[in-house]
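Source file: input.tsv. Holds: TSV, C-alpha atoms.
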```
chain	number	residue	atom	x	y	z
A	26	MET	CA	-24.74	-22.38	4.10
A	27	SER	CA	-25.13	-18.63	4.02
A	28	HIS	CA	-23.52	-16.59	6.75
A	29	GLN	CA	-24.48	-12.95	7.04
A	30	SER	CA	-22.68	-10.52	9.26
A	31	LYS	CA	-24.61	-8.09	11.43
A	32	SER	CA	-21.65	-5.74	11.20
A	33	SER	CA	-21.96	-2.42	9.40
A	34	HIS	CA	-18.80	-3.33	7.48
A	35	THR	CA	-20.59	-5.38	4.83
A	36	ASN	CA	-18.94	-3.71	1.80
A	37	PHE	CA	-15.44	-4.90	2.68
A	38	VAL	CA	-14.15	-8.10	1.18
A	39	VAL	CA	-10.83	-8.28	3.04
A	40	SER	CA	-9.88	-5.85	5.80
A	41	PRO	CA	-6.39	-5.95	7.29
A	42	TYR	CA	-6.17	-5.90	11.08
A	43	LEU	CA	-2.69	-4.67	12.01
A	44	THR	CA	-1.09	-4.98	15.41
A	45	ALA	CA	0.39	-1.66	16.54
A	46	LYS	CA	2.77	-0.79	19.34
A	47	ASP	CA	0.80	2.43	19.95
A	48	VAL	CA	-2.67	2.68	18.39
A	49	ASP	CA	-2.96	6.44	18.97
A	50	SER	CA	0.36	7.13	17.20
A	51	ALA	CA	-0.45	4.69	14.40
A	52	ALA	CA	-3.88	6.26	13.81
A	53	ASN	CA	-2.36	9.74	13.74
A	54	PHE	CA	0.35	8.57	11.33
A	55	TYR	CA	-2.11	6.89	8.95
A	56	GLN	CA	-4.27	10.02	8.88
A	57	LYS	CA	-1.38	12.37	8.12
A	58	ALA	CA	1.00	10.26	6.03
A	59	PHE	CA	-1.44	8.02	4.15
A	60	LEU	CA	-4.55	10.27	4.19
A	61	PHE	CA	-6.72	7.60	5.83
A	62	ASN	CA	-9.85	8.78	7.66
A	63	LEU	CA	-10.27	7.73	11.28
A	64	SER	CA	-13.79	6.39	11.80
A	65	GLU	CA	-13.42	4.82	15.24
A	66	LEU	CA	-10.95	4.83	18.12
A	67	LYS	CA	-11.67	2.79	21.24
A	68	LYS	CA	-9.76	3.61	24.41
A	69	GLY	CA	-8.65	1.28	27.17
A	70	GLU	CA	-8.94	1.91	30.90
A	71	ASP	CA	-5.70	3.90	30.88
A	72	GLY	CA	-7.07	6.23	28.18
A	73	SER	CA	-4.82	4.99	25.39
A	74	GLY	CA	-6.15	3.60	22.12
A	75	ILE	CA	-6.65	-0.15	21.96
A	76	HIS	CA	-8.57	-0.42	18.66
A	77	GLY	CA	-8.85	1.88	15.68
A	78	GLU	CA	-10.69	1.78	12.40
A	79	LEU	CA	-9.66	3.86	9.42
A	80	ASN	CA	-11.07	4.17	5.93
A	81	PHE	CA	-9.43	4.84	2.59
A	82	GLN	CA	-11.44	4.86	-0.63
A	83	ASP	CA	-14.29	2.95	1.02
A	84	GLN	CA	-11.96	0.28	2.41
A	85	LEU	CA	-11.44	-0.56	6.06
A	86	ILE	CA	-8.09	-0.83	7.84
A	87	MET	CA	-8.13	-1.86	11.52
A	88	ILE	CA	-5.40	-1.51	14.12
A	89	GLY	CA	-5.18	-3.14	17.53
A	90	LYS	CA	-2.76	-2.58	20.39
A	91	GLU	CA	-0.11	-5.17	21.18
A	92	GLY	CA	-0.94	-7.27	24.23
A	93	VAL	CA	-4.58	-6.24	24.52
A	94	TYR	CA	-6.69	-9.01	26.03
A	95	GLU	CA	-3.47	-11.00	26.57
A	96	SER	CA	-2.83	-11.30	22.83
A	97	PRO	CA	0.68	-12.53	22.02
A	98	LEU	CA	0.72	-10.63	18.70
A	99	GLN	CA	3.43	-8.03	18.15
A	100	SER	CA	4.08	-5.48	15.45
A	101	PRO	CA	7.17	-5.94	13.27
A	102	ILE	CA	8.90	-3.04	15.08
A	103	THR	CA	8.54	-4.83	18.43
A	104	SER	CA	9.23	-8.38	17.27
A	105	GLY	CA	12.17	-7.41	15.08
A	106	ILE	CA	10.75	-9.70	12.39
A	107	ALA	CA	9.81	-8.26	9.01
A	108	SER	CA	6.13	-8.52	8.17
A	109	PRO	CA	5.59	-11.27	5.59
A	110	ILE	CA	2.88	-9.24	3.85
A	111	THR	CA	2.80	-6.01	1.87
A	112	LEU	CA	-0.40	-3.99	1.86
A	113	CYS	CA	-1.23	-2.59	-1.60
A	114	VAL	CA	-3.29	0.55	-2.12
A	115	TYR	CA	-4.31	2.28	-5.35
A	116	CYS	CA	-4.07	6.07	-5.40
A	117	GLU	CA	-4.58	8.86	-7.94
A	118	ASP	CA	-1.03	10.27	-8.07
A	119	VAL	CA	1.65	8.05	-6.56
A	120	ASP	CA	4.40	10.67	-6.94
A	121	LYS	CA	2.47	13.29	-4.99
A	122	PHE	CA	1.34	10.68	-2.46
A	123	TYR	CA	4.93	9.48	-1.95
A	124	LYS	CA	6.27	12.98	-1.27
A	125	GLU	CA	3.49	13.83	1.19
A	126	ALA	CA	3.88	10.50	3.00
A	127	LEU	CA	7.62	11.11	3.44
A	128	ASP	CA	6.88	14.63	4.73
A	129	HIS	CA	4.70	13.04	7.45
A	130	GLY	CA	7.10	10.39	8.69
A	131	ALA	CA	6.80	7.44	6.31
A	132	GLN	CA	10.07	5.71	5.46
A	133	SER	CA	10.91	5.03	1.82
A	134	VAL	CA	11.51	1.44	0.79
A	135	SER	CA	11.45	2.32	-2.92
A	136	ALA	CA	10.69	5.56	-4.77
A	137	PRO	CA	7.95	5.66	-7.42
A	138	GLU	CA	8.93	3.84	-10.59
A	139	ASN	CA	7.13	2.48	-13.64
A	140	MET	CA	6.54	-1.24	-13.41
A	141	PHE	CA	6.26	-3.62	-16.37
A	142	TRP	CA	2.73	-4.64	-15.37
A	143	GLY	CA	1.35	-1.16	-16.07
A	144	TYR	CA	1.53	0.69	-12.75
A	145	ARG	CA	3.72	3.38	-11.25
A	146	MET	CA	4.52	2.13	-7.76
A	147	CYS	CA	6.33	3.06	-4.56
A	148	ARG	CA	6.83	1.21	-1.29
A	149	LEU	CA	6.72	2.86	2.12
A	150	GLN	CA	7.14	1.68	5.68
A	151	ASP	CA	4.92	2.89	8.54
A	152	LEU	CA	5.73	3.44	12.24
A	153	ASP	CA	5.32	-0.25	13.06
A	154	ASN	CA	7.47	-1.38	10.10
A	155	TYR	CA	4.63	-2.68	7.94
A	156	THR	CA	5.39	-2.25	4.23
A	157	TRP	CA	2.81	-0.53	2.07
A	158	CYS	CA	2.77	-0.42	-1.72
A	159	PHE	CA	0.98	2.54	-3.35
A	160	MET	CA	0.19	2.36	-7.07
A	161	THR	CA	-1.24	4.46	-9.87
A	162	PRO	CA	-2.16	2.96	-13.27
A	163	LEU	CA	0.02	4.20	-16.13
A	164	ARG	CA	-1.92	6.01	-18.83
A	165	ASP	CA	-0.14	4.58	-21.88
A	166	VAL	CA	-0.06	0.85	-21.26
```
Could you show the structure in this file as structure tokens?
Amino acid sequence: MSHQSKSSHTNFVVSPYLTAKDVDSAANFYQKAFLFNLSELKKGEDGSGIHGELNFQDQLIMIGKEGVYESPLQSPITSGIASPITLCVYCEDVDKFYKEALDHGAQSVSAPENMFWGYRMCRLQDLDNYTWCFMTPLRDV
């Protein structure tokens, strides 16, 4: 059985939907620290963001506010429980990316280092305590 989406997001295979304590702050952070582009921000009745969509290298990342529509989901920062997933992103220059992300509020989990599988990689934590892995292929593998 074929199932086609009527959504405009047909080029995305898997798109993370992260729960954020504050969607406005998260969207601002992702734009500045991770260089994501904000494509949509929906506001609730109180004027605060309840849903955001960001793009990075033609991929979609969505964020939703904790408790919206009576959802029990919480971000790791609120729940106090570490996220069981790490989000991995490929970038052109992981060393430059790492420095700029730290300058804009990201927290270092691990500095860039060469990995045996052929990538230079760092790990960063965002405002909601999600862990992100940014990688650049090594040239001489």
Surrounding residues of region 134-138 of chain A excluding itself and chain neighbours under 5 positions, 6 Å, all atoms listed in the file, as a PyMOL selection string: chain A and resi 145-149
With 4 Å on each side, where is the centre of the axis-aligned box around all listed atoms of region 36-47 of chain A, and how long are its edges in Å to one decimal, as lines of an AutoDock Vina configuration file?
```
center_x = -8.1
center_y = -2.9
center_z = 10.6
size_x = 29.7
size_y = 18.7
size_z = 26.8
```
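Across the model, the gap from CA of Cys158 (chain A) to CA of Gly89 (chain A) is 21.0 Å.
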Please provide the set of residues having any atom within 10 Å of Pro109 (chain A), restricted to all atoms listed in the file, with same-chain residues fewer than 6 positions apart removed, written as a PyMOL selection string. chain A and resi 101+155-156
Export C-alpha atoms of the chosen residues as a PDB file, in the frame of the given file?
```pdb
ATOM      1  CA  PRO A 101       7.170  -5.940  13.270  1.00  0.00           C
ATOM      2  CA  TYR A 155       4.630  -2.680   7.940  1.00  0.00           C
ATOM      3  CA  THR A 156       5.390  -2.250   4.230  1.00  0.00           C
TER       4      THR A 156
END
```
What is the CA of Ala107 (chain A) to CA of Glu95 (chain A) distance in Å? 22.2 Å
For a test of reading the model, state the distance in Å between CA of Pro41 (chain A) and CA of Ile88 (chain A), rounded to one decimal.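 Atom-to-atom, CA of Pro41 (chain A) and CA of Ile88 (chain A) are spaced 8.2 Å apart.
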Neighbours of Ala52 (chain A) within 12 Å (all atoms listed in the file; same-chain residues fewer than 5 positions away dropped), as JSON, numbers by chain? {"A": [43, 44, 45, 46, 47, 57, 58, 59, 60, 61, 62, 63, 64, 65, 66, 67, 73, 74, 75, 76, 77, 78, 79, 80, 86, 87, 88, 89, 90, 151, 152, 153]}
The residues within 10 Å of (1.8, 13.7, 14.6), using all atoms listed in the file and the coordinates of the file, should be reported as a list in words; which are they?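 Residues satisfying the cut-off, written out: Asp49, Ser50, Ala51, Ala52, Asn53, Phe54, Tyr55, Gln56, Lys57, Ala58, His129 and Gly130 of chain A.
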Given all atoms listed in the file as the basis, pick out the residue of A:Leu163, A:Leu127, A:Val38, A:Val114 nearest to Trp142 (chain A).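 Residue with the minimum atom-to-atom distance to Trp142 (chain A): A:Leu163.
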May I ask which of the residues A:Gln150, A:Ser108, A:Ser40, A:Gln99 is the closest one to Leu85 (chain A), counting all atoms listed in the file? A:Ser40
Nearest to Phe122 (chain A), chosen from A:Leu98, A:Phe159, A:Asn154, A:Gly105, with all atoms listed in the file counted in the distances: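 For Phe122 (chain A), the nearest of the candidates is A:Phe159.
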Smallest atom-to-atom distance to Cys116 (chain A): which of A:Asp71, A:Val39, A:Gln82, A:Val48, using all atoms listed in the file? A:Gln82
